[in-house]
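Chemist: Hey, dropping input22.pdb in here, PDB, C-alpha atoms:
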```pdb
ATOM      1  CA  SER A   2      31.067   2.196 -13.341
ATOM      2  CA  PHE A   3      28.131   1.602 -10.954
ATOM      3  CA  LEU A   4      27.937   5.303 -10.059
ATOM      4  CA  CYS A   5      27.764   6.263 -13.722
ATOM      5  CA  PHE A   6      24.958   3.713 -14.267
ATOM      6  CA  ILE A   7      22.845   5.267 -11.500
ATOM      7  CA  TYR A   8      23.600   8.774 -12.781
ATOM      8  CA  MET A   9      22.465   7.922 -16.309
ATOM      9  CA  ASP A  10      19.340   6.243 -14.965
ATOM     10  CA  TRP A  11      18.598   9.329 -12.854
ATOM     11  CA  ILE A  12      18.622  11.557 -15.963
ATOM     12  CA  LYS A  13      16.174   9.187 -17.672
ATOM     13  CA  LEU A  14      14.028   9.025 -14.528
ATOM     14  CA  LYS A  15      13.790  12.820 -14.277
ATOM     15  CA  LYS A  16      12.645  13.009 -17.895
ATOM     16  CA  GLU A  17       9.984  10.341 -17.283
ATOM     17  CA  LEU A  18       8.784  12.126 -14.137
ATOM     18  CA  LYS A  19       8.263  15.285 -16.170
ATOM     19  CA  ASP A  20       6.712  13.590 -19.217
ATOM     20  CA  LYS A  21       4.433  11.131 -17.403
ATOM     21  CA  LEU A  22       3.547  12.818 -14.096
ATOM     22  CA  GLY A  23       4.344  16.492 -14.687
ATOM     23  CA  ILE A  24       6.912  16.517 -11.850
ATOM     24  CA  THR A  25       9.618  18.985 -12.905
ATOM     25  CA  TYR A  26      11.930  18.650  -9.895
ATOM     26  CA  LEU A  27      12.400  16.754  -6.641
ATOM     27  CA  LEU A  28      13.439  18.175  -3.291
ATOM     28  CA  PRO A  29      16.573  16.651  -1.668
ATOM     29  CA  HIS A  30      14.633  14.356   0.698
ATOM     30  CA  GLN A  31      12.370  13.283  -2.177
ATOM     31  CA  GLU A  32      15.441  12.376  -4.234
ATOM     32  CA  LEU A  33      16.780  10.278  -1.334
ATOM     33  CA  VAL A  34      13.544   8.314  -1.082
ATOM     34  CA  VAL A  35      12.958   7.890  -4.824
ATOM     35  CA  THR A  36      16.539   6.873  -5.664
ATOM     36  CA  HIS A  37      16.634   4.379  -2.770
ATOM     37  CA  ILE A  38      13.484   2.683  -4.096
ATOM     38  CA  ALA A  39      14.716   2.901  -7.716
ATOM     39  CA  VAL A  40      18.044   1.205  -6.947
ATOM     40  CA  ASN A  41      16.317  -1.601  -5.030
ATOM     41  CA  GLU A  42      13.741  -2.090  -7.795
ATOM     42  CA  GLU A  43      16.484  -2.164 -10.434
ATOM     43  CA  ASN A  44      18.381  -4.812  -8.457
ATOM     44  CA  ASN A  45      15.244  -6.755  -7.449
ATOM     45  CA  LYS A  46      15.856  -6.044  -3.763
ATOM     46  CA  GLU A  47      13.360  -5.391  -0.979
ATOM     47  CA  THR A  48      12.777  -1.887   0.400
ATOM     48  CA  LYS A  49      11.822  -1.131   3.975
ATOM     49  CA  LEU A  50      11.682   2.654   4.230
ATOM     50  CA  LEU A  51      10.434   5.060   6.898
ATOM     51  CA  ALA A  52      10.215   8.740   5.898
ATOM     52  CA  VAL A  53       9.609  11.332   8.620
ATOM     53  CA  LEU A  54       9.043  14.546   6.698
ATOM     54  CA  PRO A  55       7.291  17.788   7.714
ATOM     55  CA  THR A  56       3.733  18.515   6.639
ATOM     56  CA  GLY A  57       3.677  20.169   3.228
ATOM     57  CA  SER A  58       7.120  18.876   2.234
ATOM     58  CA  GLY A  59       5.786  16.654  -0.536
ATOM     59  CA  LYS A  60       5.560  13.216   1.074
ATOM     60  CA  SER A  61       3.038  12.093  -1.539
ATOM     61  CA  ILE A  62       5.551  12.651  -4.355
ATOM     62  CA  CYS A  63       7.877  10.198  -2.575
ATOM     63  CA  PHE A  64       5.529   7.341  -3.436
ATOM     64  CA  LEU A  65       3.842   8.813  -6.522
ATOM     65  CA  ALA A  66       7.132   9.271  -8.393
ATOM     66  CA  PRO A  67       8.192   5.589  -8.055
ATOM     67  CA  LEU A  68       4.937   4.501  -9.730
ATOM     68  CA  ILE A  69       6.593   4.995 -13.119
ATOM     69  CA  PHE A  70       9.195   2.293 -12.452
ATOM     70  CA  ILE A  71       7.751  -0.008  -9.748
ATOM     71  CA  LYS A  72       6.376  -3.230 -11.219
ATOM     72  CA  GLY A  73       3.091  -4.579  -9.883
ATOM     73  CA  VAL A  74       0.173  -3.022  -8.013
ATOM     74  CA  VAL A  75       0.818  -0.448  -5.276
ATOM     75  CA  LEU A  76      -1.440  -0.721  -2.208
ATOM     76  CA  CYS A  77      -1.884   2.558  -0.302
ATOM     77  CA  ILE A  78      -3.335   2.350   3.220
ATOM     78  CA  TYR A  79      -4.761   5.547   4.743
ATOM     79  CA  PRO A  80      -6.346   6.178   8.154
ATOM     80  CA  LEU A  81      -9.028   8.636   6.993
ATOM     81  CA  LEU A  82     -11.623   8.716   4.216
ATOM     82  CA  SER A  83     -10.712  12.356   3.528
ATOM     83  CA  LEU A  84      -7.113  11.319   2.812
ATOM     84  CA  MET A  85      -8.275   8.522   0.528
ATOM     85  CA  ALA A  86     -10.476  10.915  -1.449
ATOM     86  CA  ASP A  87      -7.723  13.528  -1.622
ATOM     87  CA  GLN A  88      -5.136  11.073  -2.919
ATOM     88  CA  GLU A  89      -7.503   9.566  -5.485
ATOM     89  CA  ARG A  90      -8.243  13.086  -6.755
ATOM     90  CA  ARG A  91      -4.514  13.844  -6.974
ATOM     91  CA  MET A  92      -3.666  10.586  -8.764
ATOM     92  CA  LYS A  93      -6.425  11.065 -11.327
ATOM     93  CA  ALA A  94      -5.132  14.590 -11.991
ATOM     94  CA  MET A  95      -1.726  12.989 -12.758
ATOM     95  CA  ASN A  96      -3.355  10.338 -15.005
ATOM     96  CA  ILE A  97      -2.425   7.534 -12.587
ATOM     97  CA  PRO A  98      -5.020   4.719 -12.792
ATOM     98  CA  ALA A  99      -6.176   4.384  -9.164
ATOM     99  CA  ALA A 100      -9.157   2.689  -7.505
ATOM    100  CA  THR A 101     -10.564   3.097  -3.992
ATOM    101  CA  LEU A 102     -12.110   0.385  -1.823
ATOM    102  CA  LYS A 103     -13.820   1.495   1.397
ATOM    103  CA  GLY A 104     -16.614   0.623   3.786
ATOM    104  CA  GLY A 105     -20.162   1.270   2.662
ATOM    105  CA  MET A 106     -19.527   0.293  -0.960
ATOM    106  CA  ASP A 107     -21.904  -2.230  -2.423
ATOM    107  CA  ARG A 108     -20.548  -5.738  -3.005
ATOM    108  CA  ASN A 109     -20.958  -5.610  -6.808
ATOM    109  CA  GLU A 110     -19.018  -2.338  -6.946
ATOM    110  CA  LYS A 111     -16.187  -3.884  -4.905
ATOM    111  CA  GLU A 112     -16.148  -7.011  -7.072
ATOM    112  CA  LYS A 113     -15.886  -4.951 -10.278
ATOM    113  CA  ILE A 114     -12.930  -2.949  -8.893
ATOM    114  CA  ILE A 115     -11.112  -6.089  -7.704
ATOM    115  CA  GLU A 116     -11.700  -7.789 -11.061
ATOM    116  CA  ALA A 117     -10.300  -4.709 -12.848
ATOM    117  CA  LEU A 118      -7.261  -4.714 -10.533
ATOM    118  CA  ILE A 119      -6.571  -8.383 -11.275
ATOM    119  CA  LYS A 120      -6.844  -7.634 -15.017
ATOM    120  CA  GLY A 121      -4.221  -4.882 -14.629
ATOM    121  CA  LYS A 122      -6.505  -1.902 -15.278
ATOM    122  CA  TYR A 123      -5.358  -0.050 -12.135
ATOM    123  CA  LYS A 124      -1.856   0.694 -10.871
ATOM    124  CA  VAL A 125      -2.897   1.788  -7.369
ATOM    125  CA  LEU A 126      -5.376   0.454  -4.826
ATOM    126  CA  ILE A 127      -6.365   2.981  -2.148
ATOM    127  CA  THR A 128      -8.018   1.629   1.002
ATOM    128  CA  ASN A 129      -8.042   1.592   4.811
ATOM    129  CA  ILE A 130      -7.042  -1.145   7.246
ATOM    130  CA  GLU A 131     -10.599  -2.235   8.096
ATOM    131  CA  THR A 132     -11.607  -2.759   4.454
ATOM    132  CA  LEU A 133      -8.336  -4.541   3.749
ATOM    133  CA  LEU A 134      -8.880  -6.965   6.649
ATOM    134  CA  SER A 135     -12.392  -7.774   5.433
ATOM    135  CA  LEU A 136     -11.068  -8.580   1.943
ATOM    136  CA  ILE A 137      -7.907 -10.458   2.795
ATOM    137  CA  LYS A 138      -9.821 -13.240   4.559
ATOM    138  CA  HIS A 139     -11.529 -14.281   1.292
ATOM    139  CA  PRO A 140      -9.558 -16.939  -0.675
ATOM    140  CA  ARG A 141     -11.080 -15.801  -3.997
ATOM    141  CA  TYR A 142      -9.104 -12.550  -3.837
ATOM    142  CA  ALA A 143      -5.757 -14.385  -3.558
ATOM    143  CA  PRO A 144      -4.717 -13.470  -7.154
ATOM    144  CA  LEU A 145      -4.845  -9.780  -6.213
ATOM    145  CA  TRP A 146      -2.499 -10.136  -3.228
ATOM    146  CA  LYS A 147       0.069 -11.844  -5.476
ATOM    147  CA  MET A 148      -0.012  -8.816  -7.797
ATOM    148  CA  ILE A 149       0.796  -6.299  -5.045
ATOM    149  CA  SER A 150       4.500  -5.460  -5.045
ATOM    150  CA  THR A 151       4.406  -2.403  -2.769
ATOM    151  CA  ILE A 152       2.564  -1.366   0.382
ATOM    152  CA  VAL A 153       2.468   2.339   1.251
ATOM    153  CA  ILE A 154       1.297   3.277   4.759
ATOM    154  CA  ASP A 155       0.598   6.987   5.086
ATOM    155  CA  GLU A 156       0.392   8.720   8.484
ATOM    156  CA  VAL A 157       2.112   5.639   9.905
ATOM    157  CA  HIS A 158       2.141   7.083  13.441
ATOM    158  CA  THR A 159      -1.601   6.314  13.588
ATOM    159  CA  THR A 160      -0.767   2.585  13.599
ATOM    160  CA  VAL A 161       0.464   3.255  17.152
ATOM    161  CA  THR A 162      -1.561   6.215  18.433
ATOM    162  CA  TRP A 163      -4.854   4.865  17.069
ATOM    163  CA  GLY A 164      -4.064   1.155  16.900
ATOM    164  CA  ASP A 165      -3.936   0.851  20.671
ATOM    165  CA  THR A 166      -7.249   2.667  21.201
ATOM    166  CA  PHE A 167     -10.095   3.108  18.710
ATOM    167  CA  ARG A 168      -8.526   1.488  15.595
ATOM    168  CA  PRO A 169      -7.507  -1.972  16.943
ATOM    169  CA  SER A 170      -7.454  -3.288  13.351
ATOM    170  CA  TYR A 171      -3.966  -1.771  13.040
ATOM    171  CA  LYS A 172      -2.711  -4.462  15.429
ATOM    172  CA  GLU A 173      -3.454  -6.998  12.687
ATOM    173  CA  LEU A 174      -1.280  -5.155  10.161
ATOM    174  CA  PRO A 175       1.665  -7.596  10.523
ATOM    175  CA  GLU A 176      -0.570 -10.498   9.435
ATOM    176  CA  VAL A 177      -1.724  -8.503   6.397
ATOM    177  CA  ILE A 178       1.863  -7.699   5.404
ATOM    178  CA  LYS A 179       2.942 -11.332   5.833
ATOM    179  CA  LYS A 180       0.020 -12.527   3.692
ATOM    180  CA  ILE A 181       0.758 -10.083   0.855
ATOM    181  CA  ASN A 182       4.560 -10.337   1.232
ATOM    182  CA  PRO A 183       5.359  -7.156  -0.744
ATOM    183  CA  ARG A 184       8.776  -6.348  -2.167
ATOM    184  CA  HIS A 185       8.601  -2.747  -0.910
ATOM    185  CA  ILE A 186       7.143  -1.394   2.359
ATOM    186  CA  LEU A 187       7.076   2.417   2.443
ATOM    187  CA  ALA A 188       5.871   4.279   5.548
ATOM    188  CA  PHE A 189       5.367   8.043   5.834
ATOM    189  CA  THR A 190       4.562  10.496   8.599
ATOM    190  CA  ALA A 191       5.181  14.108   9.572
ATOM    191  CA  THR A 192       5.446  13.362  13.281
ATOM    192  CA  LEU A 193       7.132  10.502  15.081
ATOM    193  CA  ASP A 194       8.498  10.437  18.613
ATOM    194  CA  ASP A 195      11.013   7.911  19.930
ATOM    195  CA  THR A 196       8.380   6.004  21.921
ATOM    196  CA  MET A 197       6.562   5.012  18.692
ATOM    197  CA  TYR A 198       9.552   3.742  16.749
ATOM    198  CA  ALA A 199       9.843   0.247  18.283
ATOM    199  CA  THR A 200       6.138  -0.477  17.738
ATOM    200  CA  ILE A 201       6.289   0.722  14.127
ATOM    201  CA  GLN A 202       9.379  -1.407  13.489
ATOM    202  CA  ASP A 203       7.495  -4.491  14.755
ATOM    203  CA  ARG A 204       4.051  -3.680  13.351
ATOM    204  CA  VAL A 205       5.036  -2.340   9.922
ATOM    205  CA  PHE A 206       8.522  -3.676   9.157
ATOM    206  CA  LEU A 207       8.067  -7.031  10.928
ATOM    207  CA  GLY A 208      10.957  -6.410  13.305
ATOM    208  CA  GLU A 209      13.499  -5.362  10.677
ATOM    209  CA  LYS A 210      15.262  -2.008  10.834
ATOM    210  CA  PRO A 211      14.040   0.305   8.033
ATOM    211  CA  TYR A 212      16.038   2.796   5.971
ATOM    212  CA  ILE A 213      15.114   6.152   7.545
ATOM    213  CA  VAL A 214      14.857   9.526   5.801
ATOM    214  CA  LYS A 215      14.166  12.271   8.313
ATOM    215  CA  ALA A 216      13.878  16.042   7.950
ATOM    216  CA  SER A 217      13.293  18.824  10.461
ATOM    217  CA  SER A 218       9.645  19.544  11.288
ATOM    218  CA  ASP A 219      10.362  23.270  11.059
ATOM    219  CA  ARG A 220       8.838  25.027   8.043
ATOM    220  CA  ASN A 221      10.533  28.312   7.176
ATOM    221  CA  ASN A 222       7.512  29.525   5.186
ATOM    222  CA  ILE A 223       5.145  29.338   8.178
ATOM    223  CA  PHE A 224       5.018  32.080  10.812
ATOM    224  CA  TYR A 225       3.315  31.574  14.177
ATOM    225  CA  HIS A 226       1.399  34.226  16.097
ATOM    226  CA  SER A 227      -0.861  34.291  19.136
ATOM    227  CA  VAL A 228      -3.745  36.696  19.661
ATOM    228  CA  HIS A 229      -4.745  37.678  23.195
ATOM    229  CA  THR A 230      -8.491  37.975  23.026
ATOM    230  CA  LEU A 231     -11.414  39.016  25.201
ATOM    231  CA  LYS A 232     -13.979  37.832  22.642
ATOM    232  CA  MET A 233     -12.751  35.112  20.289
ATOM    233  CA  GLU A 234     -15.473  35.519  17.644
ATOM    234  CA  ASP A 235     -14.776  39.242  17.169
ATOM    235  CA  ASP A 236     -11.042  38.712  16.738
ATOM    236  CA  LEU A 237     -11.635  35.769  14.407
ATOM    237  CA  LEU A 238     -13.901  37.942  12.266
ATOM    238  CA  ARG A 239     -11.362  40.787  12.279
ATOM    239  CA  LEU A 240      -8.611  38.454  11.053
ATOM    240  CA  LEU A 241     -10.656  36.775   8.340
ATOM    241  CA  LYS A 242     -12.042  40.018   6.922
ATOM    242  CA  ASN A 243      -8.511  40.508   5.631
ATOM    243  CA  LYS A 244      -8.538  38.711   2.254
ATOM    244  CA  ALA A 245      -4.792  38.064   2.551
ATOM    245  CA  TYR A 246      -5.586  35.433   5.208
ATOM    246  CA  ARG A 247      -7.931  33.483   2.928
ATOM    247  CA  PRO A 248      -8.376  30.637   2.056
ATOM    248  CA  SER A 249      -8.145  29.680   5.710
ATOM    249  CA  VAL A 250      -8.800  26.721   7.993
ATOM    250  CA  VAL A 251     -10.178  27.365  11.485
ATOM    251  CA  PHE A 252      -9.602  24.344  13.734
ATOM    252  CA  CYS A 253     -12.250  23.732  16.380
ATOM    253  CA  PRO A 254     -12.378  21.319  19.348
ATOM    254  CA  SER A 255     -15.763  19.728  18.492
ATOM    255  CA  ARG A 256     -18.204  19.080  15.663
ATOM    256  CA  GLU A 257     -20.749  21.422  17.209
ATOM    257  CA  GLU A 258     -18.177  24.218  17.346
ATOM    258  CA  THR A 259     -17.295  23.847  13.654
ATOM    259  CA  GLU A 260     -20.937  24.419  12.748
ATOM    260  CA  ARG A 261     -21.358  27.324  15.170
ATOM    261  CA  ILE A 262     -18.242  29.095  13.827
ATOM    262  CA  ALA A 263     -19.305  28.496  10.209
ATOM    263  CA  PHE A 264     -22.767  29.967  10.795
ATOM    264  CA  PHE A 265     -21.255  32.934  12.656
ATOM    265  CA  LEU A 266     -18.816  33.759   9.834
ATOM    266  CA  CYS A 267     -21.462  33.313   7.105
ATOM    267  CA  LYS A 268     -23.788  35.620   9.028
ATOM    268  CA  HIS A 269     -21.073  38.294   8.879
ATOM    269  CA  GLY A 270     -20.432  37.977   5.158
ATOM    270  CA  ILE A 271     -17.518  35.503   5.060
ATOM    271  CA  LYS A 272     -18.046  32.356   2.994
ATOM    272  CA  CYS A 273     -17.431  29.448   5.344
ATOM    273  CA  LEU A 274     -17.939  25.683   5.164
ATOM    274  CA  PHE A 275     -17.811  23.279   8.110
ATOM    275  CA  TYR A 276     -16.147  19.859   8.074
ATOM    276  CA  HIS A 277     -16.108  16.989  10.555
ATOM    277  CA  ALA A 278     -16.285  13.194  10.687
ATOM    278  CA  GLY A 279     -20.009  13.239  11.504
ATOM    279  CA  LEU A 280     -20.994  14.264   7.971
ATOM    280  CA  ASP A 281     -22.019  11.581   5.491
ATOM    281  CA  LYS A 282     -19.445  10.721   2.822
ATOM    282  CA  GLU A 283     -21.261  12.490  -0.041
ATOM    283  CA  ARG A 284     -21.479  15.752   1.868
ATOM    284  CA  ARG A 285     -17.895  15.478   3.094
ATOM    285  CA  LYS A 286     -16.651  14.952  -0.466
ATOM    286  CA  ALA A 287     -18.730  17.874  -1.755
ATOM    287  CA  ILE A 288     -17.208  20.139   0.926
ATOM    288  CA  GLU A 289     -13.667  18.887   0.200
ATOM    289  CA  ASP A 290     -14.128  19.601  -3.514
ATOM    290  CA  LYS A 291     -15.703  23.013  -2.971
ATOM    291  CA  PHE A 292     -12.970  24.120  -0.580
ATOM    292  CA  SER A 293     -10.227  22.592  -2.732
ATOM    293  CA  TYR A 294     -11.121  24.794  -5.714
ATOM    294  CA  SER A 295     -12.001  27.963  -3.785
ATOM    295  CA  THR A 296      -9.828  31.053  -3.460
ATOM    296  CA  GLN A 297     -11.604  32.905  -0.649
ATOM    297  CA  TYR A 298     -13.474  30.303   1.424
ATOM    298  CA  VAL A 299     -12.877  29.546   5.091
ATOM    299  CA  LEU A 300     -13.176  25.969   6.335
ATOM    300  CA  SER A 301     -14.233  25.459   9.942
ATOM    301  CA  ALA A 302     -13.017  21.964  10.837
ATOM    302  CA  THR A 303     -12.145  19.413  13.471
ATOM    303  CA  ASN A 304      -8.842  17.541  13.247
ATOM    304  CA  ALA A 305     -10.544  15.272  10.655
ATOM    305  CA  TYR A 306      -9.096  17.784   8.156
ATOM    306  CA  GLY A 307      -5.792  18.059   9.998
ATOM    307  CA  MET A 308      -4.007  15.069   8.575
ATOM    308  CA  GLY A 309      -2.653  14.931   5.065
ATOM    309  CA  VAL A 310      -5.383  16.663   3.055
ATOM    310  CA  ASP A 311      -3.642  18.991   0.620
ATOM    311  CA  LYS A 312      -4.797  22.367  -0.639
ATOM    312  CA  LYS A 313      -1.800  24.258  -1.916
ATOM    313  CA  ASP A 314      -2.989  27.846  -1.448
ATOM    314  CA  ILE A 315      -4.173  27.880   2.191
ATOM    315  CA  ARG A 316      -2.894  31.205   3.532
ATOM    316  CA  SER A 317      -3.628  30.799   7.231
ATOM    317  CA  VAL A 318      -4.554  28.258   9.861
ATOM    318  CA  ILE A 319      -6.292  29.498  13.002
ATOM    319  CA  HIS A 320      -6.681  27.468  16.177
ATOM    320  CA  ILE A 321      -9.427  28.570  18.528
ATOM    321  CA  TYR A 322      -8.159  25.944  20.999
ATOM    322  CA  LEU A 323      -4.852  24.225  21.729
ATOM    323  CA  PRO A 324      -4.457  20.615  20.561
ATOM    324  CA  GLN A 325      -3.417  18.131  23.253
ATOM    325  CA  LYS A 326      -0.016  17.372  21.694
ATOM    326  CA  ALA A 327       2.621  19.421  19.874
ATOM    327  CA  ASP A 328       2.696  16.946  16.981
ATOM    328  CA  GLU A 329      -1.055  17.439  16.468
ATOM    329  CA  PHE A 330      -0.499  21.206  16.353
ATOM    330  CA  LEU A 331       2.265  20.733  13.747
ATOM    331  CA  GLN A 332       0.026  18.472  11.657
ATOM    332  CA  GLU A 333      -2.801  21.022  11.677
ATOM    333  CA  SER A 334      -0.766  24.199  11.289
ATOM    334  CA  GLY A 335       1.090  22.498   8.438
ATOM    335  CA  ARG A 336      -2.045  22.654   6.266
ATOM    336  CA  CYS A 337      -0.922  26.164   5.223
ATOM    337  CA  GLY A 338       2.120  27.329   3.314
TER     338      GLY A 338
END
```
Could you spell out this file's structure in structure tokens?
Modeler:
Amino acid sequence: SFLCFIYMDWIKLKKELKDKLGITYLLPHQELVVTHIAVNEENNKETKLLAVLPTGSGKSICFLAPLIFIKGVVLCIYPLLSLMADQERRMKAMNIPAATLKGGMDRNEKEKIIEALIKGKYKVLITNIETLLSLIKHPRYAPLWKMISTIVIDEVHTTVTWGDTFRPSYKELPEVIKKINPRHILAFTATLDDTMYATIQDRVFLGEKPYIVKASSDRNNIFYHSVHTLKMEDDLLRLLKNKAYRPSVVFCPSREETERIAFFLCKHGIKCLFYHAGLDKERRKAIEDKFSYSTQYVLSATNAYGMGVDKKDIRSVIHIYLPQKADEFLQESGRCG
């Protein structure tokens, strides 16, 4: 029967996930996403999927796991360079052949990567919307677009919240999707309110209704506390002297504040790095790597670190200010746990 066919395939799929990617189990929402894509791929059908899953719930696995059965190149579009670097690091750790194209790369370097993609040397292309728009206008790259079977858009809410303000390139996303014409369109976010849905349906799914997998934004392994303070720096120091709270991320309202807090904590014997979008890419990557492998560091950061960057052992997140929106607070607090 059809049900038996899917069941037998699922056993084989689980074995391949373990053998090829080291994934030993999937959470219920991950199974929903992966099996939906697997069934459509098996039957040569299109997938239009929107997953709204809490921070830290394993959204990345939802599109990493299907790499073992999806034919063709998978294009992953991210809003931040830090996310691109984080995902490339993760894919390489799982032995997934991935390449990144971004602004600031020299033309020869880009050409070599695109040539390797066309020759089938990479399974995944990681990029951002601006770089993609600059490439898609060149006819000589047409063979690459024909090879792309799947488009993954991470932090898809930014296509609305940023696309109408300082990232207008997101408004051109429908033209990109039409040009590539992928078999699967997969969109992921931790936060999505009802006002965004119609725009995402038009901008990402070209007006069609997607298959939606949605989970509660509540995380039962995160506990929230407030500290009434007369002097923020003293209470921050008191908290972070407790090694149980480290590694930790301290979110700050400005670039200047990240640096001030980092210098203050270092002066008092706590190893602290600062992170914001004003740093050059080499320094940002060096800080990401150093913090990623540390067990006791504190990272003083703006919200440039608040979206999608994964470090599994962060023990606490401290806000020295309140973000403007609840969904921003959930994104940032979700870095821990």
Chemist: Please evaluate the PyMOL selection byres ((chain A and resi 15) around 12) against the structure above and give the resulting residues as an NGL selection string.
Modeler: :A and (8-14 or 16-27 or 32 or 35-36 or 39 or 66-67 or 69-70)
Chemist: Can you turn the PyMOL selection byres ((chain A and resi 207-215) around 10) into a concrete residue list for this file, as a VMD selection string?
Modeler: chain A and resid 30 to 31 33 to 34 37 48 to 55 174 to 176 178 to 179 186 to 191 193 199 to 206 216 to 218
Chemist: Using the chain letters and numbers from this file, what does the PyMOL selection byres ((chain A and resi 45) around 12) select? Give the answer as a list in words.
Modeler: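 On this input, the PyMOL selection byres ((chain A and resi 45) around 12) captures Ile38, Ala39, Val40, Asn41, Glu42, Glu43, Asn44, Lys46, Glu47, Thr48, Phe70, Ile71, Lys72, Ser150, Pro183, Arg184 and His185 of chain A.
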Chemist: Hey, what's within 10 Å of segment 134-141 of chain A if we count only C-alpha atoms and toss same-chain stuff fewer than 2 positions away? As a list in words, please?
Modeler: Leu102, Gly104, Lys111, Ile115, Asn129, Ile130, Glu131, Thr132, Ala143, Pro144, Leu145, Trp146, Ser170, Tyr171, Glu173, Leu174, Glu176, Val177, Lys180 and Ile181 of chain A
Chemist: Atom CA of Val157 of chain A and atom CA of Arg316 of chain A are how many Å apart?
Modeler: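 Rounded to one decimal, the two atoms are 26.8 Å apart.
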Chemist: Looking at A:Glu116, A:Glu234, A:Glu156, A:Glu289, which one is nearest to Ala263 of chain A, with distances taken over only C-alpha atoms?
Modeler: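 Ranked by minimum distance to Ala263 of chain A, first place goes to A:Glu234.
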Chemist: Find the spatial neighbours of Leu238 of chain A, counting only C-alpha atoms, within a cut-off of 10 Å - ignore same-chain residues fewer than 6 positions away - and output them as a PDB file with C-alpha atoms, keeping the file's coordinate frame.
Modeler:
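Written output follows (selection-v1.pdb):
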```
ATOM      1  CA  ILE A 262     -18.242  29.095  13.827  1.00  0.00           C
ATOM      2  CA  PHE A 265     -21.255  32.934  12.656  1.00  0.00           C
ATOM      3  CA  LEU A 266     -18.816  33.759   9.834  1.00  0.00           C
ATOM      4  CA  HIS A 269     -21.073  38.294   8.879  1.00  0.00           C
ATOM      5  CA  GLY A 270     -20.432  37.977   5.158  1.00  0.00           C
ATOM      6  CA  ILE A 271     -17.518  35.503   5.060  1.00  0.00           C
TER       7      ILE A 271
END
```
Chemist: Measuring between all atoms listed in the file, which one of A:Ser301, A:Ser293, A:Thr160, A:Thr192 shows the shortest distance to Thr56 of chain A?
Modeler: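 Among the listed residues, the smallest separation from Thr56 of chain A belongs to A:Thr192.
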Chemist: Quick one: of A:Lys312, A:His320, A:Arg261, A:Arg239, who's nearest to Tyr225 of chain A, counting all atoms listed in the file?
Modeler: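 With all atoms listed in the file as the atom set, the closest residue is A:His320.
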Chemist: Would you compute the distance between atom CA of Ser249 of chain A and atom CA of Ile319 of chain A? Give it in Å to one decimal.
Modeler: 7.5 Å
Chemist: Given the choices A:Ser317, A:Thr162, A:Gln332, A:Asn221, which gets closest to Leu237 of chain A if the distance is worked out from only C-alpha atoms?
Modeler: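 Between A:Ser317, A:Thr162, A:Gln332, A:Asn221, the residue approaching Leu237 of chain A most closely is A:Ser317.
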Chemist: Choose the residue, out of A:Asn109, A:Lys268, A:Ile149, A:Ser83, that has the smallest atom-to-atom separation from Leu280 of chain A; count all atoms listed in the file.
Modeler: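 Distance minimum relative to Leu280 of chain A lands on A:Ser83.
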Chemist: Between atom CA of Leu231 of chain A and atom CA of Asp328 of chain A, measure the distance and give it in Å to one decimal.
Modeler: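 Separation of atom CA of Leu231 of chain A and atom CA of Asp328 of chain A: 27.5 Å.
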Chemist: Extract, using all atoms listed in the file, all DNA, RNA and protein residues at most 12 Å from Pro248 of chain A, discarding same-chain residues fewer than 4 positions from it, and format them as a ChimeraX atom specification.
Modeler: /A:240-244,271-274,291-301,312-319,336-338
Chemist: Build an axis-aligned box that encloses every atom of segment 15-20 of chain A listed in the file, pad it by 6 Å on each side, and report its centre and edge lengths in Å to one decimal, as AutoDock Vina command-line options.
Modeler:
```
--center_x 10.3 --center_y 12.8 --center_z -16.7 --size_x 19.1 --size_y 16.9 --size_z 17.1
```
Chemist: Taking the block just given, write segment 192-200 of chain A to a file that holds N, CA and C atoms, as an mmCIF file, in the first residue's frame.
Modeler:
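Output below, filename selection-v9.cif:
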```
data_model
loop_
_atom_site.group_PDB
_atom_site.id
_atom_site.type_symbol
_atom_site.label_atom_id
_atom_site.label_comp_id
_atom_site.auth_asym_id
_atom_site.auth_seq_id
_atom_site.Cartn_x
_atom_site.Cartn_y
_atom_site.Cartn_z
ATOM 1 N N THR A 192 9.650 33.846 13.865
ATOM 2 C CA THR A 192 8.624 34.820 14.250
ATOM 3 C C THR A 192 7.888 35.312 13.017
ATOM 4 N N LEU A 193 6.565 35.227 13.074
ATOM 5 C CA LEU A 193 5.755 35.689 11.953
ATOM 6 C C LEU A 193 4.391 36.114 12.469
ATOM 7 N N ASP A 194 4.059 37.395 12.296
ATOM 8 C CA ASP A 194 2.709 37.808 12.709
ATOM 9 C C ASP A 194 1.784 37.827 11.500
ATOM 10 N N ASP A 195 0.492 37.905 11.768
ATOM 11 C CA ASP A 195 -0.520 37.775 10.707
ATOM 12 C C ASP A 195 -0.395 38.850 9.633
ATOM 13 N N THR A 196 0.132 40.021 10.002
ATOM 14 C CA THR A 196 0.226 41.121 9.039
ATOM 15 C C THR A 196 1.268 40.834 7.957
ATOM 16 N N MET A 197 2.226 39.942 8.240
ATOM 17 C CA MET A 197 3.291 39.633 7.276
ATOM 18 C C MET A 197 2.880 38.561 6.280
ATOM 19 N N TYR A 198 1.919 37.739 6.647
ATOM 20 C CA TYR A 198 1.660 36.515 5.881
ATOM 21 C C TYR A 198 1.305 36.801 4.422
ATOM 22 N N ALA A 199 0.415 37.755 4.175
ATOM 23 C CA ALA A 199 -0.032 38.033 2.800
ATOM 24 C C ALA A 199 1.132 38.470 1.925
ATOM 25 N N THR A 200 2.023 39.307 2.463
ATOM 26 C CA THR A 200 3.178 39.769 1.692
ATOM 27 C C THR A 200 4.118 38.615 1.384
#
```
